[in-house]
file final_18.cif (mmCIF, C-alpha atoms)
data_model
loop_
_atom_site.label_atom_id
_atom_site.label_comp_id
_atom_site.auth_asym_id
_atom_site.auth_seq_id
_atom_site.Cartn_x
_atom_site.Cartn_y
_atom_site.Cartn_z
CA MET A 1 12.59 -92.39 17.13
CA LEU A 2 10.72 -94.42 14.52
CA LYS A 3 10.71 -93.21 10.98
CA PRO A 4 7.35 -92.23 9.36
CA ASN A 5 7.21 -95.37 7.21
CA GLN A 6 7.96 -97.53 10.29
CA MET A 7 5.17 -95.81 12.24
CA LYS A 8 2.73 -96.46 9.38
CA PHE A 9 3.69 -100.17 9.27
CA LEU A 10 3.29 -100.49 13.05
CA LYS A 11 -0.22 -98.98 12.97
CA LYS A 12 -1.28 -101.39 10.22
CA LEU A 13 0.10 -104.33 12.21
CA VAL A 14 -1.84 -103.30 15.34
CA ILE A 15 -5.07 -102.99 13.33
CA ALA A 16 -4.54 -106.39 11.71
CA ILE A 17 -3.95 -108.10 15.08
CA THR A 18 -7.06 -106.45 16.56
CA VAL A 19 -9.25 -107.66 13.67
CA LEU A 20 -7.80 -111.17 13.90
CA ILE A 21 -8.54 -111.41 17.63
CA SER A 22 -12.09 -110.17 17.08
CA VAL A 23 -12.82 -112.72 14.32
CA SER A 24 -11.30 -115.53 16.36
CA ALA A 25 -13.46 -114.66 19.37
CA THR A 26 -16.60 -114.60 17.23
CA ARG A 27 -15.87 -118.01 15.74
CA ARG A 28 -15.12 -119.43 19.18
CA THR A 29 -18.42 -118.15 20.55
CA ARG A 30 -20.39 -119.67 17.66
CA GLY A 31 -18.52 -122.94 17.95
CA ASP A 32 -19.24 -123.16 21.69
CA ARG A 33 -22.94 -122.97 20.98
CA TYR A 34 -23.13 -125.60 18.32
CA TYR A 35 -20.48 -128.22 17.82
CA SER A 36 -17.08 -129.49 18.81
CA SER A 37 -14.11 -129.37 16.47
CA ALA A 38 -11.67 -129.48 19.37
CA SER A 39 -11.73 -130.70 22.95
CA SER A 40 -11.95 -127.14 24.26
CA TYR A 41 -15.34 -126.59 22.58
CA SER A 42 -18.64 -127.63 24.15
CA PHE A 43 -22.10 -128.43 22.82
CA THR A 44 -25.44 -127.23 24.10
CA PRO A 45 -26.73 -130.18 26.18
CA SER A 46 -29.98 -131.88 25.23
CA THR A 47 -32.59 -132.58 27.89
CA THR A 48 -33.31 -135.94 26.25
CA ALA A 49 -29.71 -137.21 26.16
CA ILE A 50 -29.21 -140.59 27.83
CA GLY A 51 -25.55 -141.09 26.94
CA GLU A 52 -22.21 -139.30 26.77
CA TRP A 53 -20.62 -138.07 23.58
CA SER A 54 -18.30 -140.65 21.99
CA ARG A 55 -16.22 -140.70 18.82
CA ALA A 56 -16.95 -142.65 15.65
CA ARG A 57 -16.92 -142.22 11.89
CA ALA A 58 -19.76 -141.91 9.38
CA THR A 59 -20.25 -142.53 5.68
CA TYR A 60 -23.31 -142.37 3.45
CA TYR A 61 -25.03 -144.44 0.80
CA ALA A 62 -26.46 -143.09 -2.42
CA ALA A 63 -30.09 -142.14 -2.96
CA THR A 64 -30.41 -144.96 -5.51
CA ASP A 65 -29.47 -147.61 -2.92
CA PRO A 66 -32.41 -150.01 -2.36
CA ARG A 67 -31.85 -150.53 1.36
CA ASP A 68 -34.67 -148.14 2.30
CA GLU A 69 -37.11 -150.33 0.41
CA ILE A 70 -36.11 -153.64 2.01
CA GLY A 71 -35.88 -152.13 5.47
CA GLY A 72 -32.56 -153.49 6.69
CA ALA A 73 -31.44 -155.89 9.39
CA CYS A 74 -33.92 -154.69 12.01
CA GLY A 75 -36.85 -155.96 9.94
CA TYR A 76 -38.82 -152.73 9.83
CA GLY A 77 -39.85 -153.21 6.21
CA ASP A 78 -40.29 -150.06 4.15
CA LEU A 79 -38.79 -147.38 6.38
CA LYS A 80 -40.71 -144.51 4.81
CA GLU A 81 -44.01 -146.37 5.00
CA ASN A 82 -43.41 -147.26 8.65
CA GLY A 83 -42.69 -143.69 9.67
CA TYR A 84 -38.88 -143.67 9.95
CA GLY A 85 -38.24 -141.81 6.70
CA MET A 86 -34.62 -141.00 5.90
CA ALA A 87 -33.63 -140.31 9.53
CA THR A 88 -32.16 -143.80 9.84
CA VAL A 89 -28.73 -145.35 10.25
CA GLY A 90 -26.89 -148.65 9.88
CA LEU A 91 -24.42 -149.57 12.61
CA SER A 92 -21.17 -151.53 12.67
CA SER A 93 -20.85 -154.69 14.78
CA SER A 94 -19.41 -152.77 17.72
CA LEU A 95 -22.65 -150.79 18.00
CA PHE A 96 -25.29 -153.14 16.57
CA ASN A 97 -25.21 -155.61 19.47
CA ARG A 98 -26.69 -158.43 17.37
CA GLY A 99 -29.84 -156.44 16.70
CA GLN A 100 -30.75 -155.49 20.25
CA ILE A 101 -29.95 -151.85 19.46
CA CYS A 102 -32.66 -151.74 16.76
CA GLY A 103 -35.03 -148.84 17.40
CA ALA A 104 -32.61 -146.82 19.54
CA CYS A 105 -31.99 -143.18 18.65
CA PHE A 106 -28.66 -141.46 18.24
CA GLU A 107 -27.65 -137.83 17.90
CA LEU A 108 -24.70 -137.26 15.54
CA ARG A 109 -22.62 -134.18 14.90
CA CYS A 110 -19.70 -133.66 12.53
CA VAL A 111 -16.39 -132.76 14.19
CA ASP A 112 -12.71 -131.99 13.55
CA ASP A 113 -13.04 -130.78 9.95
CA LEU A 114 -14.21 -127.19 9.58
CA LYS A 115 -13.89 -127.45 5.81
CA TYR A 116 -16.57 -130.13 5.44
CA CYS A 117 -18.60 -129.94 8.66
CA ILE A 118 -21.72 -127.76 8.63
CA PRO A 119 -21.51 -125.60 11.79
CA GLY A 120 -24.43 -125.54 14.18
CA THR A 121 -25.95 -128.84 13.09
CA SER A 122 -26.70 -132.25 14.53
CA ILE A 123 -29.14 -134.96 13.47
CA ILE A 124 -31.29 -137.52 15.27
CA LEU A 125 -31.29 -140.99 13.68
CA THR A 126 -32.97 -144.32 14.44
CA ALA A 127 -30.95 -147.55 14.29
CA THR A 128 -32.60 -149.64 11.56
CA ASN A 129 -29.80 -151.52 9.82
CA TYR A 130 -26.50 -153.35 10.16
CA CYS A 131 -23.21 -152.53 8.46
CA ALA A 132 -21.59 -155.96 8.11
CA PRO A 133 -17.82 -156.32 8.47
CA ASN A 134 -15.66 -157.17 5.49
CA TYR A 135 -12.70 -159.08 6.88
CA GLY A 136 -11.05 -159.26 3.47
CA LEU A 137 -10.42 -155.52 3.69
CA THR A 138 -8.70 -153.63 6.47
CA VAL A 139 -8.54 -150.16 4.99
CA PRO A 140 -7.74 -147.57 7.67
CA PRO A 141 -10.28 -144.75 7.88
CA SER A 142 -9.43 -141.70 5.77
CA THR A 143 -10.40 -138.26 6.94
CA THR A 144 -11.92 -136.80 3.80
CA THR A 145 -11.90 -137.12 0.06
CA SER A 146 -9.31 -135.28 -1.94
CA ASP A 147 -9.86 -131.79 -3.26
CA ASP A 148 -8.54 -133.08 -6.57
CA ASP A 149 -11.51 -135.41 -6.96
CA GLU A 150 -13.58 -132.84 -8.78
CA ASN A 151 -15.09 -135.33 -11.23
CA ASP A 152 -16.81 -137.38 -8.51
CA ASN A 153 -20.59 -136.88 -8.82
CA GLY A 154 -21.26 -137.88 -5.20
CA ASP A 155 -23.43 -140.90 -5.97
CA SER A 156 -21.11 -143.47 -4.46
CA GLY A 157 -18.36 -141.72 -2.52
CA GLY A 158 -19.67 -142.88 0.82
CA SER A 159 -20.89 -146.26 -0.37
CA ASP A 160 -17.44 -147.19 -1.66
CA ASN A 161 -16.00 -146.57 1.78
CA VAL A 162 -18.60 -148.79 3.42
CA ASP A 163 -17.13 -151.76 1.53
CA GLY A 164 -13.61 -150.88 2.63
CA GLY A 165 -13.62 -152.63 5.98
CA LEU A 166 -14.73 -149.53 7.87
CA CYS A 167 -17.39 -151.55 9.69
CA ASN A 168 -14.91 -154.17 10.87
CA PRO A 169 -14.59 -154.57 14.68
CA PRO A 170 -13.63 -152.68 16.73
CA ASN A 171 -14.57 -149.71 14.53
CA LYS A 172 -17.59 -147.68 15.61
CA HIS A 173 -19.16 -146.71 12.33
CA PHE A 174 -22.46 -145.17 11.15
CA VAL A 175 -23.85 -145.50 7.62
CA LEU A 176 -26.41 -142.82 6.76
CA PRO A 177 -28.65 -142.02 3.81
CA ILE A 178 -26.97 -139.22 1.89
CA GLU A 179 -29.99 -137.01 2.66
CA ALA A 180 -29.20 -137.30 6.37
CA PHE A 181 -25.41 -137.06 5.93
CA GLU A 182 -25.76 -133.74 4.11
CA LYS A 183 -27.50 -132.25 7.15
CA ILE A 184 -24.19 -132.24 9.05
CA ALA A 185 -21.45 -132.37 6.39
CA ILE A 186 -20.76 -131.69 2.73
CA TRP A 187 -21.01 -134.91 0.72
CA LYS A 188 -17.39 -134.71 -0.44
CA ALA A 189 -16.33 -135.38 3.16
CA SER A 190 -17.32 -139.01 2.58
CA ASN A 191 -15.76 -140.83 5.57
CA MET A 192 -16.21 -138.21 8.26
CA PRO A 193 -15.22 -138.17 11.95
CA VAL A 194 -18.31 -137.66 14.11
CA GLN A 195 -19.40 -137.64 17.72
CA TYR A 196 -22.52 -139.54 18.79
CA ARG A 197 -24.64 -140.16 21.84
CA ARG A 198 -27.80 -142.06 22.71
CA ILE A 199 -30.87 -139.90 22.96
CA LYS A 200 -34.52 -140.54 23.75
CA CYS A 201 -36.73 -141.26 20.76
CA ARG A 202 -39.80 -139.14 20.12
CA ARG A 203 -42.65 -140.89 18.32
CA GLU A 204 -46.18 -139.98 17.30
CA GLY A 205 -48.90 -142.34 18.45
CA GLY A 206 -48.48 -145.62 20.27
CA ILE A 207 -46.23 -148.64 19.88
CA ARG A 208 -47.20 -150.60 16.75
CA TYR A 209 -47.61 -154.37 16.67
CA THR A 210 -47.73 -156.04 13.24
CA LEU A 211 -48.91 -159.66 13.29
CA ASN A 212 -47.53 -162.29 10.93
CA GLY A 213 -47.03 -166.03 10.92
CA SER A 214 -48.61 -169.30 9.92
CA GLY A 215 -50.49 -171.99 11.83
CA PHE A 216 -49.47 -171.78 15.49
CA PHE A 217 -46.27 -169.85 14.68
CA TYR A 218 -46.68 -166.12 15.21
CA SER A 219 -44.26 -163.30 14.54
CA VAL A 220 -44.80 -159.77 15.84
CA LEU A 221 -42.89 -156.79 14.45
CA ILE A 222 -42.64 -154.02 17.06
CA THR A 223 -42.12 -150.50 15.73
CA ASN A 224 -42.56 -146.83 16.69
CA VAL A 225 -41.15 -147.25 20.19
CA ALA A 226 -40.46 -144.00 22.07
CA GLY A 227 -38.11 -143.44 25.00
CA VAL A 228 -34.88 -145.45 24.83
CA GLY A 229 -36.37 -147.23 21.81
CA ASP A 230 -34.63 -150.62 21.91
CA VAL A 231 -36.84 -153.51 23.02
CA VAL A 232 -35.17 -156.28 25.03
CA ALA A 233 -38.14 -158.47 26.07
CA VAL A 234 -41.72 -159.09 24.92
CA LYS A 235 -44.62 -161.09 26.35
CA ILE A 236 -47.95 -161.83 24.71
CA LYS A 237 -51.25 -162.83 26.30
CA GLY A 238 -54.49 -164.14 24.87
CA SER A 239 -57.78 -164.21 26.75
CA LYS A 240 -57.30 -167.97 27.23
CA THR A 241 -53.59 -167.90 28.17
CA GLY A 242 -51.32 -166.41 30.74
CA TRP A 243 -48.39 -164.17 29.85
CA LEU A 244 -46.16 -166.00 27.36
CA PRO A 245 -42.56 -164.85 26.73
CA MET A 246 -41.64 -164.31 23.08
CA GLY A 247 -38.21 -164.91 21.56
CA ARG A 248 -36.28 -162.48 19.39
CA ASN A 249 -36.38 -163.84 15.86
CA TRP A 250 -34.28 -161.07 14.29
CA GLY A 251 -34.09 -157.33 14.75
CA GLN A 252 -37.37 -156.29 16.36
CA ASN A 253 -39.32 -159.30 15.10
CA TRP A 254 -40.46 -161.46 18.01
CA HIS A 255 -41.93 -164.97 17.70
CA ILE A 256 -43.86 -167.62 19.62
CA ASN A 257 -45.46 -171.02 19.05
CA ALA A 258 -48.89 -170.97 20.68
CA ASP A 259 -52.61 -171.23 19.98
CA LEU A 260 -53.77 -167.61 20.02
CA LYS A 261 -56.60 -167.74 17.47
CA ASN A 262 -59.92 -166.05 18.23
CA GLN A 263 -58.56 -164.28 21.29
CA PRO A 264 -57.91 -160.58 21.99
CA LEU A 265 -54.18 -160.06 22.37
CA SER A 266 -52.28 -158.06 24.99
CA PHE A 267 -48.58 -157.19 24.98
CA GLU A 268 -45.95 -156.46 27.60
CA VAL A 269 -42.82 -154.71 26.29
CA THR A 270 -39.59 -154.07 28.20
CA VAL A 271 -36.87 -151.74 26.91
CA SER A 272 -33.16 -151.57 27.67
CA ASN A 273 -33.46 -149.25 30.69
CA GLY A 274 -35.68 -151.82 32.42
CA VAL A 275 -38.98 -149.96 31.99
CA THR A 276 -41.99 -152.12 31.05
CA ILE A 277 -45.27 -151.05 29.50
CA THR A 278 -48.39 -153.20 29.25
CA SER A 279 -51.08 -152.75 26.61
CA TYR A 280 -54.24 -154.80 27.17
CA ASN A 281 -56.49 -156.04 24.38
CA VAL A 282 -54.45 -154.33 21.67
CA ALA A 283 -55.75 -156.69 18.99
CA PRO A 284 -59.47 -157.63 19.01
CA LYS A 285 -60.75 -161.19 19.00
CA ASP A 286 -61.12 -161.22 15.20
CA TRP A 287 -57.57 -160.05 14.38
CA GLN A 288 -55.98 -161.23 11.13
CA LEU A 289 -52.39 -161.84 10.08
CA GLY A 290 -50.87 -158.82 8.35
CA GLN A 291 -52.75 -156.31 10.50
CA THR A 292 -51.09 -153.65 12.65
CA PHE A 293 -52.43 -152.45 16.00
CA ASN A 294 -51.43 -149.57 18.30
CA GLY A 295 -50.75 -149.89 22.03
CA LYS A 296 -49.57 -147.64 24.83
CA GLN A 297 -46.38 -145.63 24.48
CA PHE A 298 -43.28 -144.94 26.59
CA ASP A 299 -42.50 -141.40 27.74
CA SER A 300 -40.02 -139.56 25.53
#

call {"tool": "encode", "arguments": {"input": "final_18.cif", "output": "structure tokens"}}
result
Amino acid sequence: MLKPNQMKFLKKLVIAITVLISVSATRRTRGDRYYSSASSYSFTPSTTAIGEWSRARATYYAATDPRDEIGGACGYGDLKENGYGMATVGLSSSLFNRGQICGACFELRCVDDLKYCIPGTSIILTATNYCAPNYGLTVPPSTTTSDDDENDNGDSGGSDNVDGGLCNPPNKHFVLPIEAFEKIAIWKASNMPVQYRRIKCRREGGIRYTLNGSGFFYSVLITNVAGVGDVVAVKIKGSKTGWLPMGRNWGQNWHINADLKNQPLSFEVTVSNGVTITSYNVAPKDWQLGQTFNGKQFDS
């Protein structure tokens, strides 16, 4: 026979175990719906996903960083003015693919760190920039910042890590505006493990063609591309020419040497999944350099 004090202790133990199991089941159910912090968890699939989840790491840059004004390595110019806002990302060499990836969309979610991850969140970002490697530094990725770093104001925690060789090959690394980073993790996480996948881009309006150049040299910046987002081939046609292939200058700037003055211009754009869209007479006969015109759009 158990003594009264032993019986009382046993009852308390049973109650404690019951509560613990209940809380654990609740957390597991919520985790299954939203994000993965372990391989046994799953994520609600997106109907627009075009890639499998893969692992990478992500850091952020401060709000005072000028890279949103200069537009980055994809050549999009002012990202806010051109409709991309702060939902943008710079990619390491292993992901950037020498600029071909520009315009593609990624879904990111924070994983493996329940202390800093924000449960139930993911973000959609457009590839607009390049995180260059720094071969003078080979700092291994850290998981999070220290709890003892209470005096850090958050303005440069992620930016410091970007210069630490985190974008060196073969690292898969994303560099986000802090406004985007804080949608999925607390800023103190700094260099955070994430999962990512390609996802279809959703855009308002048609594909935009911005004309620049001088003389017979023309450069066309292609923006606001829906669907897979990354353009791999472009052709241009005047009313007095056939279809002329353009070369990739850098990012999503495409160039050609041809006499296209005083002709309406048509464009043929092919994206990475092989789909091509043709927009006839996008620019009128009296087009001017510096102008932007809208064409047809891919399905998203």

call {"tool": "resolve_selection", "arguments": {"input": "final_18.cif", "expression": "the PyMOL selection byres ((chain A and resi 82-99) around 9)", "output": "count of residues only"}}
result
46

call {"tool": "closest_residue", "arguments": {"input": "final_18.cif", "among": "A:Tyr196, A:Trp287, A:Trp243, A:Phe267", "to": "A:Ala58", "atoms": "only C-alpha atoms"}}
result
A:Tyr196

call {"tool": "atom_distance", "arguments": {"input": "final_18.cif", "atom1": "atom CA of A:Leu260", "atom2": "atom CA of A:Val225"}}
result
24.0 Å

call {"tool": "closest_residue", "arguments": {"input": "final_18.cif", "among": "A:Ala49, A:Ile256, A:Val269, A:Cys117", "to": "A:Gly215", "atoms": "all atoms listed in the file"}}
result
A:Ile256

call {"tool": "resolve_selection", "arguments": {"input": "final_18.cif", "expression": "the PyMOL selection byres ((chain A and resi 271) around 12)", "output": "ChimeraX atom specification"}}
result
/A:100-104,200,222,225-234,252,268-270,272-278,297-299

call {"tool": "residues_around", "arguments": {"input": "final_18.cif", "residues": "A:Thr210", "least_positions_apart": "2", "cutoff": "7 Å", "atoms": "only C-alpha atoms", "output": "list in words"}}
result
Arg208, Asn212, Val220, Leu221, Ile222, Gly290, Gln291, Thr292 and Phe293 of chain A

call {"tool": "write_last_selection", "arguments": {"input": "final_18.cif", "atoms": "C-alpha atoms", "output": "short mmCIF file (atom, residue, chain, number, x, y, z; two decimals), keeping the file's coordinate frame"}}
result
data_model
loop_
_atom_site.label_atom_id
_atom_site.label_comp_id
_atom_site.auth_asym_id
_atom_site.auth_seq_id
_atom_site.Cartn_x
_atom_site.Cartn_y
_atom_site.Cartn_z
CA ARG A 208 -47.20 -150.60 16.75
CA ASN A 212 -47.53 -162.29 10.93
CA VAL A 220 -44.80 -159.77 15.84
CA LEU A 221 -42.89 -156.79 14.45
CA ILE A 222 -42.64 -154.02 17.06
CA GLY A 290 -50.87 -158.82 8.35
CA GLN A 291 -52.75 -156.31 10.50
CA THR A 292 -51.09 -153.65 12.65
CA PHE A 293 -52.43 -152.45 16.00
#

call {"tool": "atom_distance", "arguments": {"input": "final_18.cif", "atom1": "atom CA of A:Gly165", "atom2": "atom CA of A:Tyr135"}}
result
6.6 Å

call {"tool": "residues_near_point", "arguments": {"input": "final_18.cif", "point": "(-56.4, -159.2, 16.7)", "cutoff": "8 Å", "atoms": "all atoms listed in the file", "output": "PDB file with C-alpha atoms, in the coordinates of the input"}}
result
ATOM      1  CA  ASN A 262     -59.920-166.050  18.230  1.00  0.00           C
ATOM      2  CA  GLN A 263     -58.560-164.280  21.290  1.00  0.00           C
ATOM      3  CA  PRO A 264     -57.910-160.580  21.990  1.00  0.00           C
ATOM      4  CA  LEU A 265     -54.180-160.060  22.370  1.00  0.00           C
ATOM      5  CA  VAL A 282     -54.450-154.330  21.670  1.00  0.00           C
ATOM      6  CA  ALA A 283     -55.750-156.690  18.990  1.00  0.00           C
ATOM      7  CA  PRO A 284     -59.470-157.630  19.010  1.00  0.00           C
ATOM      8  CA  LYS A 285     -60.750-161.190  19.000  1.00  0.00           C
ATOM      9  CA  ASP A 286     -61.120-161.220  15.200  1.00  0.00           C
ATOM     10  CA  TRP A 287     -57.570-160.050  14.380  1.00  0.00           C
ATOM     11  CA  GLN A 288     -55.980-161.230  11.130  1.00  0.00           C
ATOM     12  CA  GLN A 291     -52.750-156.310  10.500  1.00  0.00           C
ATOM     13  CA  PHE A 293     -52.430-152.450  16.000  1.00  0.00           C
TER      14      PHE A 293
END

call {"tool": "residues_around", "arguments": {"input": "final_18.cif", "residues": "stretch 52-56 of chain A", "least_positions_apart": "6", "cutoff": "10 Å", "atoms": "all atoms listed in the file", "output": "PyMOL selection string"}}
result
chain A and resi 43+107-111+171-174+192-199

call {"tool": "closest_residue", "arguments": {"input": "final_18.cif", "among": "A:Lys296, A:Lys115, A:His255, A:Lys240", "to": "A:Phe216", "atoms": "all atoms listed in the file"}}
result
A:His255
